[in-house]
$ cat my_file_15.txt   # compact mmCIF, C-alpha atoms
# COMPACT_ATOMS: atom_id res chain seq x y z
CA MET A 131 -41.42 -8.05 -16.46
CA PRO A 132 -40.97 -8.00 -20.23
CA LYS A 133 -39.12 -10.73 -22.06
CA TRP A 134 -37.32 -9.69 -25.20
CA ALA A 135 -37.38 -11.88 -28.26
CA MET A 136 -36.65 -11.66 -31.97
CA ALA A 137 -38.27 -13.12 -35.05
CA ILE A 138 -36.43 -13.33 -38.37
CA ASP A 139 -38.71 -13.83 -41.36
CA LEU A 140 -36.77 -15.83 -43.94
CA ASP A 141 -39.54 -15.36 -46.47
CA LYS A 142 -38.72 -11.65 -46.40
CA CYS A 143 -34.96 -11.85 -45.83
CA THR A 144 -32.93 -11.38 -48.98
CA GLY A 145 -29.58 -12.10 -47.36
CA CYS A 146 -28.36 -8.57 -48.09
CA GLU A 147 -26.23 -8.44 -44.92
CA SER A 148 -27.46 -4.96 -43.90
CA CYS A 149 -28.16 -6.26 -40.41
CA MET A 150 -24.65 -7.58 -40.08
CA ILE A 151 -23.09 -4.23 -40.99
CA ALA A 152 -25.53 -2.22 -38.86
CA CYS A 153 -24.74 -4.39 -35.88
CA LYS A 154 -21.03 -4.10 -36.37
CA VAL A 155 -21.17 -0.31 -36.50
CA GLU A 156 -23.67 0.09 -33.68
CA ASN A 157 -21.81 -2.11 -31.23
CA ASN A 158 -18.20 -1.12 -31.95
CA VAL A 159 -17.37 -4.63 -33.03
CA ALA A 160 -13.70 -4.68 -33.93
CA ILE A 161 -12.56 -4.79 -37.51
CA VAL A 162 -10.02 -7.57 -37.92
CA ASP A 163 -7.05 -7.61 -40.32
CA PRO A 164 -7.64 -9.75 -43.43
CA GLU A 165 -4.93 -12.25 -42.38
CA GLN A 166 -6.46 -12.65 -38.95
CA ALA A 167 -9.90 -13.00 -40.48
CA GLN A 168 -8.54 -15.83 -42.59
CA ALA A 169 -7.37 -17.48 -39.37
CA GLY A 170 -10.97 -17.51 -38.16
CA ARG A 171 -10.70 -14.51 -35.88
CA VAL A 172 -13.23 -12.43 -37.72
CA MET A 173 -15.72 -10.75 -35.40
CA TYR A 174 -19.45 -10.42 -35.89
CA TRP A 175 -22.25 -10.26 -33.37
CA MET A 176 -24.76 -10.78 -36.15
CA ASP A 177 -23.23 -13.37 -38.43
CA MET A 178 -24.52 -14.90 -41.65
CA MET A 179 -24.84 -18.65 -41.79
CA THR A 180 -25.48 -20.94 -44.71
CA ALA A 181 -28.82 -22.71 -44.83
CA TYR A 182 -30.43 -25.09 -47.28
CA GLU A 183 -34.04 -24.56 -48.13
CA SER A 184 -36.21 -27.08 -49.91
CA GLU A 185 -39.59 -26.72 -51.51
CA ASP A 186 -40.96 -29.66 -53.50
CA THR A 187 -37.92 -31.01 -55.32
CA GLN A 188 -35.87 -27.82 -55.32
CA VAL A 189 -33.03 -27.18 -52.91
CA VAL A 190 -31.67 -23.65 -52.59
CA ARG A 191 -28.54 -22.59 -50.74
CA ARG A 192 -28.84 -19.21 -49.04
CA ILE A 193 -27.41 -17.14 -46.20
CA VAL A 194 -29.46 -16.18 -43.18
CA PRO A 195 -28.69 -13.86 -40.25
CA LYS A 196 -27.62 -15.42 -36.96
CA PRO A 197 -27.46 -13.27 -33.81
CA CYS A 198 -27.09 -14.57 -30.26
CA PHE A 199 -30.19 -16.63 -29.54
CA HIS A 200 -30.54 -15.40 -25.93
CA CYS A 201 -31.64 -18.82 -24.76
CA ASP A 202 -33.96 -19.10 -21.80
CA GLU A 203 -31.80 -21.94 -20.59
CA PRO A 204 -28.43 -20.80 -21.84
CA PRO A 205 -25.65 -23.39 -21.79
CA CYS A 206 -23.00 -20.65 -21.83
CA THR A 207 -23.87 -19.08 -18.49
CA VAL A 208 -23.61 -22.25 -16.42
CA VAL A 209 -20.01 -22.85 -17.46
CA CYS A 210 -18.80 -19.31 -16.73
CA PRO A 211 -16.50 -19.54 -13.70
CA VAL A 212 -16.75 -15.85 -12.80
CA GLY A 213 -20.37 -14.92 -13.51
CA ALA A 214 -19.47 -12.62 -16.39
CA THR A 215 -22.26 -14.02 -18.52
CA TYR A 216 -25.71 -14.54 -17.05
CA ARG A 217 -29.35 -14.37 -18.05
CA ASN A 218 -30.95 -11.22 -16.71
CA PRO A 219 -34.57 -11.02 -15.46
CA GLU A 220 -35.73 -9.67 -18.83
CA GLY A 221 -34.30 -12.66 -20.65
CA ILE A 222 -31.25 -10.99 -22.13
CA VAL A 223 -28.12 -13.09 -21.87
CA ALA A 224 -25.60 -10.47 -20.79
CA GLN A 225 -21.85 -10.35 -21.06
CA VAL A 226 -20.02 -8.15 -18.52
CA TYR A 227 -16.76 -7.57 -20.34
CA HIS A 228 -14.82 -6.26 -17.38
CA ARG A 229 -15.65 -9.33 -15.36
CA CYS A 230 -14.73 -11.72 -18.18
CA ILE A 231 -11.38 -13.48 -17.80
CA GLY A 232 -11.30 -14.78 -21.36
CA CYS A 233 -11.34 -18.50 -20.59
CA ARG A 234 -13.72 -19.06 -23.50
CA TYR A 235 -15.66 -21.86 -21.83
CA CYS A 236 -18.85 -20.09 -22.86
CA MET A 237 -17.75 -20.07 -26.49
CA ALA A 238 -17.26 -23.80 -26.37
CA ALA A 239 -20.61 -24.30 -24.65
CA CYS A 240 -22.62 -22.24 -27.11
CA PRO A 241 -24.23 -24.54 -29.70
CA TYR A 242 -24.85 -21.60 -32.03
CA THR A 243 -21.25 -20.27 -31.92
CA ALA A 244 -22.69 -16.82 -31.26
CA LYS A 245 -19.77 -15.64 -29.11
CA VAL A 246 -16.52 -14.16 -30.35
CA PHE A 247 -13.18 -13.61 -28.68
CA ASN A 248 -11.10 -10.43 -28.85
CA TRP A 249 -7.67 -11.55 -29.98
CA TYR A 250 -6.43 -7.99 -30.21
CA ALA A 251 -7.33 -4.70 -28.64
CA PRO A 252 -9.39 -2.95 -31.29
CA LYS A 253 -7.78 0.08 -32.86
CA TRP A 254 -9.96 3.08 -33.54
CA LEU A 255 -8.91 5.85 -35.84
CA GLU A 256 -9.02 9.07 -33.89
CA ASP A 257 -9.98 11.54 -36.59
CA SER A 258 -12.16 9.59 -38.92
CA ALA A 259 -15.80 9.50 -39.75
CA CYS A 260 -15.89 6.01 -38.28
CA ARG A 261 -15.82 6.89 -34.59
CA PRO A 262 -17.03 4.32 -32.08
CA ASN A 263 -20.54 4.60 -30.68
CA PRO A 264 -20.20 6.27 -27.25
CA ASP A 265 -23.21 4.37 -25.89
CA VAL A 266 -21.36 1.09 -26.14
CA SER A 267 -18.08 0.41 -24.36
CA LEU A 268 -14.97 -0.62 -26.23
CA ARG A 269 -13.84 -4.11 -25.35
CA MET A 270 -10.25 -4.92 -24.57
CA SER A 271 -8.29 -7.85 -25.87
CA GLY A 272 -8.80 -11.16 -24.13
CA VAL A 273 -12.53 -10.96 -23.45
CA VAL A 274 -15.49 -12.71 -25.02
CA GLU A 275 -18.32 -10.65 -26.46
CA LYS A 276 -21.58 -11.24 -28.27
CA CYS A 277 -24.90 -9.78 -29.35
CA SER A 278 -26.60 -8.00 -26.45
CA PHE A 279 -29.96 -7.32 -28.13
CA CYS A 280 -28.63 -3.72 -28.17
CA SER A 281 -29.21 -3.49 -24.42
CA HIS A 282 -27.65 -0.02 -24.33
CA ARG A 283 -30.73 1.14 -26.22
CA LEU A 284 -32.95 -0.50 -23.63
CA GLN A 285 -31.22 1.44 -20.83
CA GLN A 286 -32.23 4.75 -22.36
CA ILE A 287 -35.68 3.70 -23.55
CA LYS A 288 -36.52 2.26 -20.15
CA GLU A 289 -35.49 5.49 -18.51
CA ILE A 290 -37.74 7.59 -20.76
CA ALA A 291 -40.66 5.20 -20.26
CA ASP A 292 -40.15 5.26 -16.47
CA LEU A 293 -40.00 9.05 -16.43
CA GLU A 294 -43.26 9.21 -18.32
CA GLY A 295 -44.69 6.53 -16.05
CA ARG A 296 -45.64 4.04 -18.72
CA ARG A 297 -44.61 0.73 -20.17
CA ILE A 298 -42.28 0.41 -23.11
CA GLU A 299 -44.49 0.30 -26.17
CA ASP A 300 -44.27 -2.34 -28.86
CA GLY A 301 -41.82 -1.16 -31.48
CA GLU A 302 -40.17 1.43 -29.24
CA TYR A 303 -37.16 -0.69 -28.36
CA VAL A 304 -35.65 -1.62 -31.70
CA THR A 305 -32.30 -3.25 -32.30
CA ALA A 306 -29.83 -1.89 -34.83
CA CYS A 307 -30.26 -4.90 -37.13
CA GLN A 308 -34.03 -4.51 -37.11
CA GLU A 309 -33.81 -0.79 -37.76
CA ASN A 310 -31.62 -1.31 -40.81
CA CYS A 311 -33.41 -4.25 -42.37
CA PRO A 312 -34.70 -3.03 -45.76
CA THR A 313 -37.44 -5.67 -45.95
CA ASP A 314 -38.50 -5.55 -42.27
CA ALA A 315 -37.65 -9.21 -41.93
CA ILE A 316 -36.47 -8.74 -38.34
CA VAL A 317 -39.12 -8.14 -35.68
CA PHE A 318 -38.16 -7.51 -32.09
CA GLY A 319 -40.23 -7.01 -28.98
CA ASP A 320 -41.70 -8.25 -25.74
CA ILE A 321 -42.89 -11.83 -26.13
CA GLU A 322 -44.83 -11.69 -22.84
CA ASP A 323 -47.03 -8.95 -24.27
CA LYS A 324 -49.87 -10.73 -26.07
CA ASP A 325 -50.47 -7.76 -28.38
CA SER A 326 -46.91 -7.43 -29.59
CA SER A 327 -46.04 -8.35 -33.15
CA VAL A 328 -43.28 -10.67 -32.03
CA TYR A 329 -45.74 -12.62 -29.88
CA LYS A 330 -48.11 -12.98 -32.81
CA LEU A 331 -45.30 -14.15 -35.06
CA SER A 332 -44.19 -16.66 -32.45
CA LYS A 333 -47.58 -18.35 -32.80
CA SER A 334 -47.31 -18.58 -36.58
CA TYR A 335 -47.35 -21.96 -38.29
CA ARG A 336 -44.16 -20.91 -40.07
CA VAL A 337 -42.03 -20.82 -36.91
CA LYS A 338 -38.78 -22.75 -37.10
CA ARG A 339 -36.48 -22.93 -34.13
CA TYR A 340 -32.86 -23.54 -34.92
CA MET A 341 -31.50 -26.63 -33.13
CA ASP A 342 -34.78 -27.01 -31.30
CA ASP A 343 -33.86 -30.52 -30.16
CA LEU A 344 -31.24 -29.10 -27.77
CA ASP A 345 -33.97 -27.67 -25.55
CA VAL A 346 -32.06 -24.49 -24.72
CA LYS A 347 -35.21 -22.47 -25.50
CA PRO A 348 -33.78 -19.86 -27.87
CA LYS A 349 -35.63 -16.53 -27.97
CA VAL A 350 -34.70 -15.87 -31.58
CA PHE A 351 -36.77 -17.84 -34.03
CA TYR A 352 -37.04 -18.05 -37.79
CA LEU A 353 -40.14 -17.96 -39.93
CA SER A 354 -40.18 -19.82 -43.19
CA ARG A 355 -42.73 -21.38 -45.45
CA ARG A 356 -40.13 -23.79 -46.75
CA THR A 357 -38.17 -26.49 -45.02
CA THR A 358 -34.94 -24.96 -43.81
CA GLU A 359 -31.90 -26.76 -42.59
CA MET B 280 14.97 -33.73 -31.60
CA ASN B 281 12.47 -33.28 -28.87
CA ILE B 282 14.26 -35.32 -26.22
CA PRO B 283 17.26 -33.08 -25.46
CA GLU B 284 14.96 -30.13 -25.29
CA ARG B 285 12.88 -31.86 -22.69
CA THR B 286 15.85 -32.70 -20.45
CA SER B 287 17.07 -29.14 -20.52
CA ALA B 288 13.57 -28.01 -19.77
CA ARG B 289 14.05 -29.58 -16.31
CA ALA B 290 16.90 -27.24 -15.45
CA ASP B 291 14.91 -24.42 -16.93
CA SER B 292 11.97 -25.22 -14.76
CA ARG B 293 14.11 -24.80 -11.62
CA LEU B 294 15.18 -21.46 -12.97
CA GLU B 295 11.56 -20.66 -13.58
CA VAL B 296 10.74 -21.46 -9.96
CA ARG B 297 13.34 -19.00 -8.77
CA GLU B 298 12.09 -16.46 -11.28
CA GLY B 299 8.60 -17.20 -10.10
CA MET B 300 9.61 -16.54 -6.51
CA ARG B 301 11.02 -13.21 -7.49
CA ILE B 302 7.79 -12.33 -9.30
CA GLY B 303 5.89 -13.61 -6.27
CA ALA B 304 7.84 -11.31 -3.95
CA GLY B 305 7.11 -8.45 -6.31
CA LEU B 306 3.44 -9.38 -6.24
CA VAL B 307 3.37 -9.35 -2.45
CA ILE B 308 4.75 -5.83 -2.48
CA VAL B 309 2.20 -4.77 -5.04
CA MET B 310 -0.54 -6.41 -3.01
CA MET B 311 0.62 -4.70 0.16
CA GLY B 312 0.47 -1.45 -1.72
CA GLY B 313 -3.04 -2.39 -2.77
CA ALA B 314 -4.00 -3.19 0.82
CA LEU B 315 -2.69 0.17 1.95
CA CYS B 316 -4.76 1.69 -0.79
CA ILE B 317 -7.86 -0.09 0.53
CA LEU B 318 -7.10 1.04 4.08
CA HIS B 319 -6.88 4.56 2.77
CA ALA B 320 -9.67 3.96 0.31
CA SER B 321 -10.77 7.54 0.49
CA GLY B 322 -7.18 8.71 0.22
CA CYS B 323 -6.59 6.94 -3.07
CA ARG B 324 -9.85 8.16 -4.54
CA GLU B 325 -9.52 11.66 -3.18
CA ARG B 326 -6.71 12.63 -5.47
CA LYS B 327 -7.02 16.35 -5.64
CA VAL B 328 -7.98 17.78 -9.00
CA GLU B 329 -6.55 21.19 -9.83
CA GLN B 330 -8.92 23.65 -11.47
CA PRO B 331 -7.82 26.58 -13.67
CA ILE B 332 -9.94 29.01 -11.62
CA ASP B 333 -10.63 28.58 -7.93
CA TYR B 334 -14.35 28.82 -8.58
CA SER B 335 -16.55 29.20 -5.53
CA HIS B 336 -19.97 27.54 -5.52
CA LYS B 337 -20.74 29.33 -2.25
CA THR B 338 -20.52 32.77 -3.84
CA HIS B 339 -22.80 31.82 -6.68
CA VAL B 340 -25.32 29.47 -5.12
CA GLY B 341 -25.32 30.97 -1.64
CA THR B 342 -24.74 34.68 -2.23
CA ALA B 343 -25.84 35.24 -5.83
CA GLY B 344 -28.69 32.72 -5.40
CA ILE B 345 -28.36 30.86 -8.68
CA ALA B 346 -29.94 27.38 -8.90
CA CYS B 347 -27.88 24.35 -9.89
CA VAL B 348 -29.93 23.86 -13.08
CA ASP B 349 -29.19 27.38 -14.30
CA CYS B 350 -25.57 26.41 -14.80
CA HIS B 351 -25.67 22.61 -14.99
CA GLN B 352 -28.44 22.87 -17.52
CA SER B 353 -29.22 19.29 -18.49
CA VAL B 354 -29.01 17.80 -15.00
CA GLU B 355 -32.78 17.25 -14.89
CA SER B 356 -33.34 16.51 -18.54
CA GLY B 357 -30.27 14.64 -19.71
CA ILE B 358 -27.71 12.03 -18.91
CA ARG B 359 -24.91 14.49 -18.21
CA ALA B 360 -25.17 17.52 -15.96
CA THR B 361 -22.69 19.46 -18.12
CA ILE B 362 -20.30 22.23 -17.02
CA PRO B 363 -21.49 25.71 -18.03
CA PRO B 364 -19.73 27.40 -20.96
CA LEU B 365 -18.15 30.87 -20.70
CA GLU B 366 -21.31 32.24 -22.24
CA THR B 367 -23.11 31.59 -18.92
CA CYS B 368 -20.52 33.50 -16.89
CA LYS B 369 -20.76 36.42 -19.34
CA GLY B 370 -24.29 37.16 -18.19
CA CYS B 371 -22.95 38.61 -14.93
CA HIS B 372 -19.21 39.00 -15.41
CA SER B 373 -18.31 41.52 -18.07
CA ASP B 374 -15.68 44.23 -18.36
CA THR B 375 -16.11 45.70 -14.89
CA PRO B 376 -15.06 43.23 -12.20
CA LEU B 377 -17.57 42.50 -9.42
CA THR B 378 -14.87 41.77 -6.85
CA GLU B 379 -11.19 42.38 -6.25
CA SER B 380 -10.50 38.67 -6.39
CA PRO B 381 -7.54 37.55 -8.53
CA GLU B 382 -9.64 34.55 -9.53
CA GLU B 383 -12.15 36.80 -11.20
CA LYS B 384 -9.27 38.46 -13.09
CA LYS B 385 -8.42 35.07 -14.55
CA LEU B 386 -12.03 34.71 -15.63
CA LEU B 387 -12.01 38.14 -17.25
CA ASN B 388 -8.82 37.14 -19.06
CA TYR B 389 -10.57 34.11 -20.48
CA LEU B 390 -13.48 36.33 -21.46
CA ALA B 391 -11.22 38.81 -23.21
CA ASN B 392 -9.10 36.21 -25.01
CA GLY B 393 -11.88 33.86 -26.01
CA GLY B 394 -11.73 30.07 -25.71
CA GLU B 395 -13.30 27.93 -23.01
CA ILE B 396 -12.01 27.52 -19.48
CA PRO B 397 -10.25 24.13 -19.36
CA TRP B 398 -12.08 22.74 -16.29
CA ASN B 399 -10.89 19.37 -15.14
CA LYS B 400 -13.35 16.57 -14.52
CA VAL B 401 -13.78 15.40 -10.94
CA TYR B 402 -16.63 12.93 -11.19
CA GLN B 403 -16.45 10.44 -14.00
CA VAL B 404 -17.82 6.99 -14.70
CA PRO B 405 -15.87 4.74 -17.09
CA ASP B 406 -17.22 4.17 -20.61
CA HIS B 407 -18.66 0.78 -19.73
CA VAL B 408 -21.08 2.24 -17.17
CA TYR B 409 -24.34 4.01 -17.90
CA PHE B 410 -25.10 6.73 -15.38
CA SER B 411 -27.92 9.18 -15.93
CA HIS B 412 -28.59 12.32 -13.88
CA ARG B 413 -32.11 12.60 -15.23
CA ARG B 414 -33.01 9.23 -13.75
CA HIS B 415 -31.67 10.04 -10.30
CA VAL B 416 -32.59 13.71 -10.01
CA SER B 417 -35.91 14.01 -11.83
CA ARG B 418 -37.64 10.76 -11.07
CA SER B 419 -36.43 9.66 -7.66
CA LYS B 420 -35.55 13.07 -6.28
CA VAL B 421 -32.12 11.96 -5.10
CA THR B 422 -30.54 15.24 -4.00
CA CYS B 423 -27.23 16.48 -5.32
CA GLN B 424 -25.84 16.46 -1.78
CA GLU B 425 -26.06 12.68 -1.45
CA CYS B 426 -23.51 12.18 -4.19
CA HIS B 427 -21.68 15.49 -4.44
CA GLY B 428 -21.79 16.80 -0.87
CA ASP B 429 -23.00 20.22 0.18
CA ILE B 430 -21.69 21.96 -2.93
CA ALA B 431 -23.54 25.18 -2.06
CA SER B 432 -21.10 25.72 0.82
CA PHE B 433 -17.90 24.96 -1.16
CA VAL B 434 -15.70 28.04 -1.10
CA ASN B 435 -13.08 26.46 -3.35
CA ALA B 436 -13.42 24.71 -6.68
CA VAL B 437 -14.66 21.13 -6.62
CA SER B 438 -11.50 19.06 -6.34
CA PHE B 439 -12.40 15.66 -4.87
CA GLN B 440 -15.15 13.08 -5.08
CA PHE B 441 -17.51 13.35 -2.10
CA LEU B 442 -19.10 9.95 -2.76
CA PRO B 443 -16.37 8.17 -4.73
CA VAL B 444 -17.67 6.80 -8.03
CA THR B 445 -17.25 3.11 -7.30
CA MET B 446 -19.52 0.19 -8.04
CA GLU B 447 -19.77 -0.46 -4.31
CA ASN B 448 -21.20 2.99 -3.60
CA CYS B 449 -23.70 2.76 -6.44
CA MET B 450 -24.89 -0.66 -5.36
CA LYS B 451 -25.08 0.23 -1.67
CA CYS B 452 -27.59 2.99 -2.26
CA HIS B 453 -29.52 0.90 -4.77
CA LYS B 454 -29.82 -1.89 -2.23
CA GLU B 455 -31.07 0.51 0.44
CA ARG B 456 -33.73 1.88 -1.88
CA ASN B 457 -34.79 -1.36 -3.52
CA VAL B 458 -33.47 -0.38 -6.93
CA THR B 459 -32.33 -3.12 -9.28
CA ASN B 460 -28.69 -4.17 -9.13
CA ASP B 461 -28.83 -6.15 -12.34
CA CYS B 462 -25.43 -5.83 -14.02
CA LEU B 463 -27.05 -4.92 -17.33
CA SER B 464 -28.83 -1.89 -15.88
CA CYS B 465 -25.50 -0.15 -15.30
CA HIS B 466 -23.04 -1.91 -17.59
CA ARG B 467 -23.05 -1.70 -21.37

$ encode --input "my_file_15.txt" --output "structure tokens"
Amino acid sequence: MPKWAMAIDLDKCTGCESCMIACKVENNVAIVDPEQAQAGRVMYWMDMMTAYESEDTQVVRRIVPKPCFHCDEPPCTVVCPVGATYRNPEGIVAQVYHRCIGCRYCMAACPYTAKVFNWYAPKWLEDSACRPNPDVSLRMSGVVEKCSFCSHRLQQIKEIADLEGRRIEDGEYVTACQENCPTDAIVFGDIEDKDSSVYKLSKSYRVKRYMDDLDVKPKVFYLSRRTTE
Amino acid sequence: MNIPERTSARADSRLEVREGMRIGAGLVIVMMGGALCILHASGCRERKVEQPIDYSHKTHVGTAGIACVDCHQSVESGIRATIPPLETCKGCHSDTPLTESPEEKKLLNYLANGGEIPWNKVYQVPDHVYFSHRRHVSRSKVTCQECHGDIASFVNAVSFQFLPVTMENCMKCHKERNVTNDCLSCHR
């Protein structure tokens, strides 16, 4: 059974926000009115957070991408009263929108604030170039959603691999953020596979796990030569 | 300022209880309707779908001997089976009618006037479910009959769901055949 994980190389990341936009478009994440965004209801699955990096005596403020960390011991799933969010056998922390009752316990439990709540039913323009992606469902108002590691892509890739009777190769299942990263700072793959690039990166001396002291075992990790906080 | 509001809230709350009872009664009725629906589960699902032409699968699969894939072309290679376009019918049906059937006249009218036949969908999964024909038909050799019934003997157009498209029906077969029932394999 594969286990999907992501590495984000902060030495390569320029903070250009391409991943954020790619994610938003790929996953039909609702676009929120400016006033609502001001009220903190802005929706991103891949958000940008502020980090402080230090090297010698220099301190630099920068923005770094922050998806859902798909923890191996997720705090969000244990508080869900209806089983709408759970960790699947391949390590993806899933959100079943139609099961979700919108209580937002999981949002409160998540230390990374990776989950967002739909305050309004998203409106999609019928005849525009910006049509929603048909491979991803549209969420209704009143449910919580978050990064799914683009699991809709996995459904199709798994099917092709099964039909051809082989395993999913390293680099075959790519997420939208990874695909659109101009500097290839995001690496995604099966961390159980000892030959995969994400496994090799996970053994690097540069690995930094965000909020490692919480022991939730996040499967997204950062790589940086500098001290990052 | 707050105090008078609170006292009046008491009276309001009694009103709310009565209102609540009325809503409750309404709910019971709705629920009874729901229960009836469950009792007649097939009845509620088997809403009949009208088709513009009373197309007979029996004539074409049985008599004319056409295979399912010849018309539903991507059933083995894609996610959707697809309904054949008029172009496919043109191969056999042209100016001279093959039968005296009024249904074929309708078809010839469509052929003469151009534009597709507005077939209505019978089987449909909602947008939050991933269902792939290729997976079921090509790899595991699940036959069309198991989900769609013996289509080859249908004299009339397909108008009801043989195996209703419900989560229960999907999961039941998956359980029988040891296929995963992980939510994320179907939901997206």

$ interface_residues --input "my_file_15.txt" --of "chain A" --to "chain B" --cutoff "8 Å" --atoms "all atoms listed in the file" --output "list in words"
Asn218, Ala224, Val226, Pro264, Asp265, Val266, Ser267, Leu268, Ser281, His282, Gln285, Glu289 and Leu293 of chain A

$ closest_residue --input "my_file_15.txt" --among "A:Val162, A:Val155, A:Cys233, A:Val223" --to "Asp202 of chain A" --atoms "all atoms listed in the file"
A:Val223

$ residues_near_point --input "my_file_15.txt" --point "(-41.9, 1.2, -20.1)" --cutoff "12 Å" --atoms "only C-alpha atoms" --output "list in words"
Met131, Pro132, Leu284, Gln285, Gln286, Ile287, Lys288, Glu289, Ile290, Ala291, Asp292, Leu293, Glu294, Gly295, Arg296, Arg297, Ile298, Glu299, Asp300, Gly301, Glu302, Tyr303 and Asp320 of chain A

$ residues_around --input "my_file_15.txt" --residues "Cys206 of chain A" --least-positions-apart "5" --cutoff "9 Å" --atoms "all atoms listed in the file" --output "list of chain:residue names"
A:Thr215, A:Tyr216, A:Tyr235, A:Cys236, A:Met237, A:Ala238, A:Ala239, A:Cys240, A:Pro241

$ residues_around --input "my_file_15.txt" --residues "Ile332 of chain B" --least-positions-apart "2" --cutoff "12 Å" --atoms "all atoms listed in the file" --output "list of chain:residue names"
B:Val328, B:Glu329, B:Gln330, B:Tyr334, B:Ser335, B:His336, B:Ser380, B:Pro381, B:Glu382, B:Glu383, B:Lys384, B:Lys385, B:Leu386, B:Leu387, B:Asn388, B:Tyr389, B:Glu395, B:Ile396, B:Pro397, B:Trp398, B:Asn399, B:Asn435, B:Ala436, B:Val437, B:Ser438

$ atom_distance --input "my_file_15.txt" --atom1 "atom CA of Asp139 of chain A" --atom2 "atom CA of Ser332 of chain A"
10.8 Å

$ residues_around --input "my_file_15.txt" --residues "Val421 of chain B" --least-positions-apart "6" --cutoff "12 Å" --atoms "all atoms listed in the file" --output "ChimeraX atom specification"
/B:354-355,411-415,427,452-453,456

$ write_last_selection --input "my_file_15.txt" --atoms "C-alpha atoms" --output "JSON list (two decimals), in the coordinates of the input"
[["chain", "number", "residue", "atom", "x", "y", "z"],
["B", 354, "VAL", "CA", -29.01, 17.80, -15.00],
["B", 355, "GLU", "CA", -32.78, 17.25, -14.89],
["B", 411, "SER", "CA", -27.92, 9.18, -15.93],
["B", 412, "HIS", "CA", -28.59, 12.32, -13.88],
["B", 413, "ARG", "CA", -32.11, 12.60, -15.23],
["B", 414, "ARG", "CA", -33.01, 9.23, -13.75],
["B", 415, "HIS", "CA", -31.67, 10.04, -10.30],
["B", 427, "HIS", "CA", -21.68, 15.49, -4.44],
["B", 452, "CYS", "CA", -27.59, 2.99, -2.26],
["B", 453, "HIS", "CA", -29.52, 0.90, -4.77],
["B", 456, "ARG", "CA", -33.73, 1.88, -1.88]]
